[in-house]
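Enquirer: Shown below is the structure under consideration.
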Amino acid sequence: ALFLSGKESQIGRGEPIEDTARVLSRYCDGIMIRTYGQDEVEELAKYASIPVINGLTDFAHPCQVLADLMTVRERMTRLEGLKLCFVGDGNNMANSLIVGGIKTGMEVSIACPAAYRPDAQIMQWASQNGTFTCTESVEEAAAGADVVYTDVWASMGQEEESRQRMAAFAGYQVNSALMRAAKPDAMVLHCLPAHSGEEITEEVLEAHAQEIFDEAENRLHAQKAVLVRLMS
Ligand code: NVA
């Protein structure tokens, strides 16, 4: 494995992604890229002759969702027909959970403030392809949920908006009151790092630590599966 930080890669010195894609394609069997703009990943994939894996962008986090779905299936033995509720920012995690959840036959509900909804096209696709709701009401979204999921209120690169986001998301915490709306045996997942006391209470985090750290471990296994699928 070769790790190139933004500074070490030639992209950091202004090399067009198109050229970096062609150079790395001569050295490697695959590229995983973690960046901000989804367009950068797509540009890299367009010009690379080897598999390009989205390791997180502002728009999507598909690798995390593979681990999440694996964790739900391990515990619940199935995905189809379960209700997955995401509470918080309609961010990269929300977008990818909607896609992964709907594709595997889950019902997906999102609770978020109106100004922080997931991507409009993804929501439209979800409504046309499965059972999907997006509401400002956490009680409504969490009602009867089998899985409750949350993520930080300020994602990577949004640290300067933290204060404003803390205010906007104040009513969107996964706490014991919210969990009472979900099924009694509902799972709680978090892609980590968690900010306990913000998007999740310490009480809920600790009560569901087994699931959350199984989920963290499953990043390893799900990503091995991605490599096998793309490169073996
Ligand atoms: N929404 C978070 C996910 C971290 C796994 C971020 O982009 O920082």
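Residues are named by chain letter and number: chains run A, B, ... in the order of the structure tokens, numbers start at 1 in each chain, and ligands are numbered from 1 in the order shown.
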Pick out each residue of range 19-195 of chain A that DSSP on the backbone tags as strand (DSSP E or B); I need them as a ChimeraX atom specification.
Expert: /A:31-33,52-54,83-87,107-111,132-135,147-150,174,187-190
Enquirer: Find the residues of chain A that sit at most 8 Å from ligand 1; for each, write down the nearest two atoms and how far apart they are in Å, to one decimal. Count only C-alpha atoms and all ligand atoms. Sort by chain, then by number going up, and give it as a Markdown table.
Expert:
| residue | atom | partner | partner_atom_place_in_ligand_line | distance |
| --- | --- | --- | --- | --- |
| A:Leu56 | CA | ligand 1 | 7 (O) | 6.9 |
| A:Thr57 | CA | ligand 1 | 7 (O) | 6.9 |
| A:Asp58 | CA | ligand 1 | 7 (O) | 6.0 |
| A:His61 | CA | ligand 1 | 3 (C) | 7.3 |
| A:Gln64 | CA | ligand 1 | 5 (C) | 7.2 |
| A:Asn91 | CA | ligand 1 | 1 (N) | 6.0 |
| A:Asn92 | CA | ligand 1 | 1 (N) | 5.6 |
| A:Met93 | CA | ligand 1 | 1 (N) | 5.6 |
| A:Asp151 | CA | ligand 1 | 1 (N) | 6.1 |
| A:Val152 | CA | ligand 1 | 1 (N) | 6.1 |
| A:Trp153 | CA | ligand 1 | 1 (N) | 7.7 |
| A:Ala154 | CA | ligand 1 | 8 (O) | 7.0 |
| A:Ser155 | CA | ligand 1 | 8 (O) | 3.5 |
| A:Met156 | CA | ligand 1 | 8 (O) | 3.9 |
| A:Gly157 | CA | ligand 1 | 8 (O) | 7.5 |
| A:Cys191 | CA | ligand 1 | 5 (C) | 5.2 |
| A:Leu192 | CA | ligand 1 | 5 (C) | 5.8 |
| A:Pro193 | CA | ligand 1 | 4 (C) | 6.9 |
Enquirer: Emit the selected residues as an mmCIF file, in the first residue's frame, including N, CA, C and O atoms.
Expert:
data_model
loop_
_atom_site.group_PDB
_atom_site.id
_atom_site.type_symbol
_atom_site.label_atom_id
_atom_site.label_comp_id
_atom_site.auth_asym_id
_atom_site.auth_seq_id
_atom_site.Cartn_x
_atom_site.Cartn_y
_atom_site.Cartn_z
ATOM 1 N N LEU A 56 -14.315 8.458 0.395
ATOM 2 C CA LEU A 56 -15.128 9.523 1.028
ATOM 3 C C LEU A 56 -14.988 10.813 0.224
ATOM 4 O O LEU A 56 -13.878 11.223 -0.126
ATOM 5 N N THR A 57 -16.133 11.375 -0.062
ATOM 6 C CA THR A 57 -16.175 12.739 -0.616
ATOM 7 C C THR A 57 -17.253 13.491 0.164
ATOM 8 O O THR A 57 -17.967 12.899 0.975
ATOM 9 N N ASP A 58 -17.409 14.765 -0.135
ATOM 10 C CA ASP A 58 -18.501 15.536 0.488
ATOM 11 C C ASP A 58 -19.857 14.934 0.134
ATOM 12 O O ASP A 58 -20.825 15.097 0.858
ATOM 13 N N HIS A 61 -20.155 8.358 0.779
ATOM 14 C CA HIS A 61 -19.206 7.537 1.533
ATOM 15 C C HIS A 61 -19.599 6.063 1.392
ATOM 16 O O HIS A 61 -19.980 5.398 2.352
ATOM 17 N N GLN A 64 -18.044 3.079 3.651
ATOM 18 C CA GLN A 64 -18.576 3.014 5.016
ATOM 19 C C GLN A 64 -19.919 2.281 5.015
ATOM 20 O O GLN A 64 -20.200 1.455 5.882
ATOM 21 N N ASN A 91 -25.818 14.631 4.937
ATOM 22 C CA ASN A 91 -24.465 14.725 4.364
ATOM 23 C C ASN A 91 -24.107 13.511 3.510
ATOM 24 O O ASN A 91 -24.975 12.755 3.075
ATOM 25 N N ASN A 92 -22.798 13.323 3.316
ATOM 26 C CA ASN A 92 -22.303 12.178 2.547
ATOM 27 C C ASN A 92 -22.830 10.839 3.087
ATOM 28 O O ASN A 92 -23.204 9.953 2.325
ATOM 29 N N MET A 93 -22.870 10.714 4.424
ATOM 30 C CA MET A 93 -23.369 9.459 5.009
ATOM 31 C C MET A 93 -24.838 9.269 4.680
ATOM 32 O O MET A 93 -25.271 8.177 4.310
ATOM 33 N N ASP A 151 -24.376 10.686 12.604
ATOM 34 C CA ASP A 151 -23.021 11.077 12.188
ATOM 35 C C ASP A 151 -22.770 12.469 12.776
ATOM 36 O O ASP A 151 -23.707 13.151 13.207
ATOM 37 N N VAL A 152 -21.521 12.892 12.734
ATOM 38 C CA VAL A 152 -21.171 14.209 13.273
ATOM 39 C C VAL A 152 -21.994 15.322 12.607
ATOM 40 O O VAL A 152 -22.418 15.190 11.468
ATOM 41 N N TRP A 153 -22.159 16.416 13.340
ATOM 42 C CA TRP A 153 -22.913 17.553 12.797
ATOM 43 C C TRP A 153 -22.033 18.415 11.880
ATOM 44 O O TRP A 153 -22.543 19.140 11.031
ATOM 45 N N ALA A 154 -20.723 18.370 12.113
ATOM 46 C CA ALA A 154 -19.810 19.125 11.229
ATOM 47 C C ALA A 154 -18.819 18.124 10.640
ATOM 48 O O ALA A 154 -17.993 17.552 11.358
ATOM 49 N N SER A 155 -18.925 17.893 9.343
ATOM 50 C CA SER A 155 -18.046 16.926 8.679
ATOM 51 C C SER A 155 -16.678 17.536 8.419
ATOM 52 O O SER A 155 -16.461 18.733 8.635
ATOM 53 N N MET A 156 -15.778 16.686 7.896
ATOM 54 C CA MET A 156 -14.436 17.157 7.564
ATOM 55 C C MET A 156 -14.526 18.357 6.634
ATOM 56 O O MET A 156 -15.267 18.324 5.648
ATOM 57 N N GLY A 157 -13.802 19.397 6.962
ATOM 58 C CA GLY A 157 -13.829 20.605 6.133
ATOM 59 C C GLY A 157 -14.904 21.600 6.554
ATOM 60 O O GLY A 157 -14.960 22.710 6.039
ATOM 61 N N CYS A 191 -20.797 6.096 12.152
ATOM 62 C CA CYS A 191 -19.606 5.837 11.326
ATOM 63 C C CYS A 191 -18.311 6.242 12.022
ATOM 64 O O CYS A 191 -17.234 5.880 11.557
ATOM 65 N N LEU A 192 -18.419 7.003 13.122
ATOM 66 C CA LEU A 192 -17.270 7.445 13.921
ATOM 67 C C LEU A 192 -16.373 8.407 13.109
ATOM 68 O O LEU A 192 -16.321 8.258 11.882
ATOM 69 N N PRO A 193 -15.716 9.342 13.699
ATOM 70 C CA PRO A 193 -15.613 9.554 15.137
ATOM 71 C C PRO A 193 -16.901 10.148 15.707
ATOM 72 O O PRO A 193 -17.540 10.981 15.058
#
Enquirer: What does the distance from CA of Pro118 in chain A to CA of Asn218 in chain A come to in Å, to one decimal?
Expert: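 So the two atoms, CA of Pro118 in chain A and CA of Asn218 in chain A, lie 24.8 Å apart.
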Enquirer: Taking the backbone alone, and naming residues the way the document does, which bits of range 53-120 of chain A are alpha helix (DSSP H) by DSSP, as JSON, numbers by chain?
Expert: {"A": [62, 63, 64, 65, 66, 67, 68, 69, 70, 71, 72, 73, 74, 75, 76, 92, 93, 94, 95, 96, 97, 98, 99, 100, 101, 102, 103, 120]}
Enquirer: Considering only C-alpha atoms, state which residue in the set A:Asp119, A:Asp214, A:Glu107, A:Glu203 is at the smallest distance from Phe132 in chain A.
Expert: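 Residue with the minimum atom-to-atom distance to Phe132 in chain A: A:Glu107.
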Enquirer: Just give me the gap between CA of Gly100 in chain A and CA of Gly130 in chain A in Å, one decimal is fine.
Expert: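 Result for CA of Gly100 in chain A versus CA of Gly130 in chain A: 11.3 Å, one decimal.
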Enquirer: I'd like the neighbourhood of Val138 in chain A as a VMD selection string, where a residue qualifies if any of its atoms comes within 12 Å (using only C-alpha atoms), though same-chain residues fewer than 4 positions away should be ignored.
Expert: chain A and resid 85 to 88 109 to 113 133 to 134 142 to 145 148 to 150 169 to 175 177 to 182
Enquirer: My list of candidates is A:Glu74, A:Glu202, A:Glu160, A:Asp89. Which is closest to Thr135 in chain A when distances are computed with only C-alpha atoms?
Expert: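 Among the listed residues, A:Asp89 lies closest to Thr135 in chain A.
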Enquirer: Here is a test: counting only C-alpha atoms, which residue of A:Val52, A:Ile17, A:Ile11, A:Val108 is nearest to Gly30 in chain A?
Expert: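 Among the listed residues, A:Val52 lies closest to Gly30 in chain A.
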Enquirer: Compile the contact shell of Ala45 in chain A as a ChimeraX atom specification: residues with an atom at most 10 Å away, counting only C-alpha atoms, same-chain residues fewer than 6 positions apart removed.
Expert: /A:17-18,21,31,39,51-54
Enquirer: Determine the nearest neighbour of Leu220 in chain A from the options A:Glu42, A:Met70, A:Gly6, A:Gly14, counting only C-alpha atoms.
Expert: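 Looking only at the distances to Leu220 in chain A, the closest residue turns out to be A:Met70.
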Enquirer: So which one's closest to Arg73 in chain A, A:Ser162, A:Ser232, A:Thr104, A:Ser96? Using only C-alpha atoms, please.
Expert: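 The shortest atom-to-atom distance to Arg73 in chain A comes from A:Thr104.
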Enquirer: Do you know which residues are at most 9 Å from Val99 in chain A counting only C-alpha atoms, after dropping those on the same chain fewer than 6 positions away, and could you put them as a list in words?
Expert: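 Once the adjacent positions are removed, what remains is Pro62, Ile122, Met123, Trp125 and Ala126 of chain A.
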Enquirer: Find, counting only C-alpha atoms, the residue in A:Thr71, A:Tyr27, A:Tyr47, A:Glu139 that gets nearest to His221 in chain A.
Expert: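 Comparing A:Thr71, A:Tyr27, A:Tyr47, A:Glu139 against His221 in chain A, the winner is A:Thr71.
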Enquirer: Mind pulling up the distance from CA of Ala222 in chain A to CA of Leu79 in chain A?
Expert: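 Going from CA of Leu79 in chain A over to CA of Ala222 in chain A, I get 15.9 Å.
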Enquirer: Tell me which protein, DNA and RNA residues are within 10 Å of Asp146 in chain A, counting only C-alpha atoms, leaving out same-chain ones fewer than 4 positions away, and put them as a ChimeraX atom specification.
Expert: /A:72,76,79,81-85,106-107,142,182-188
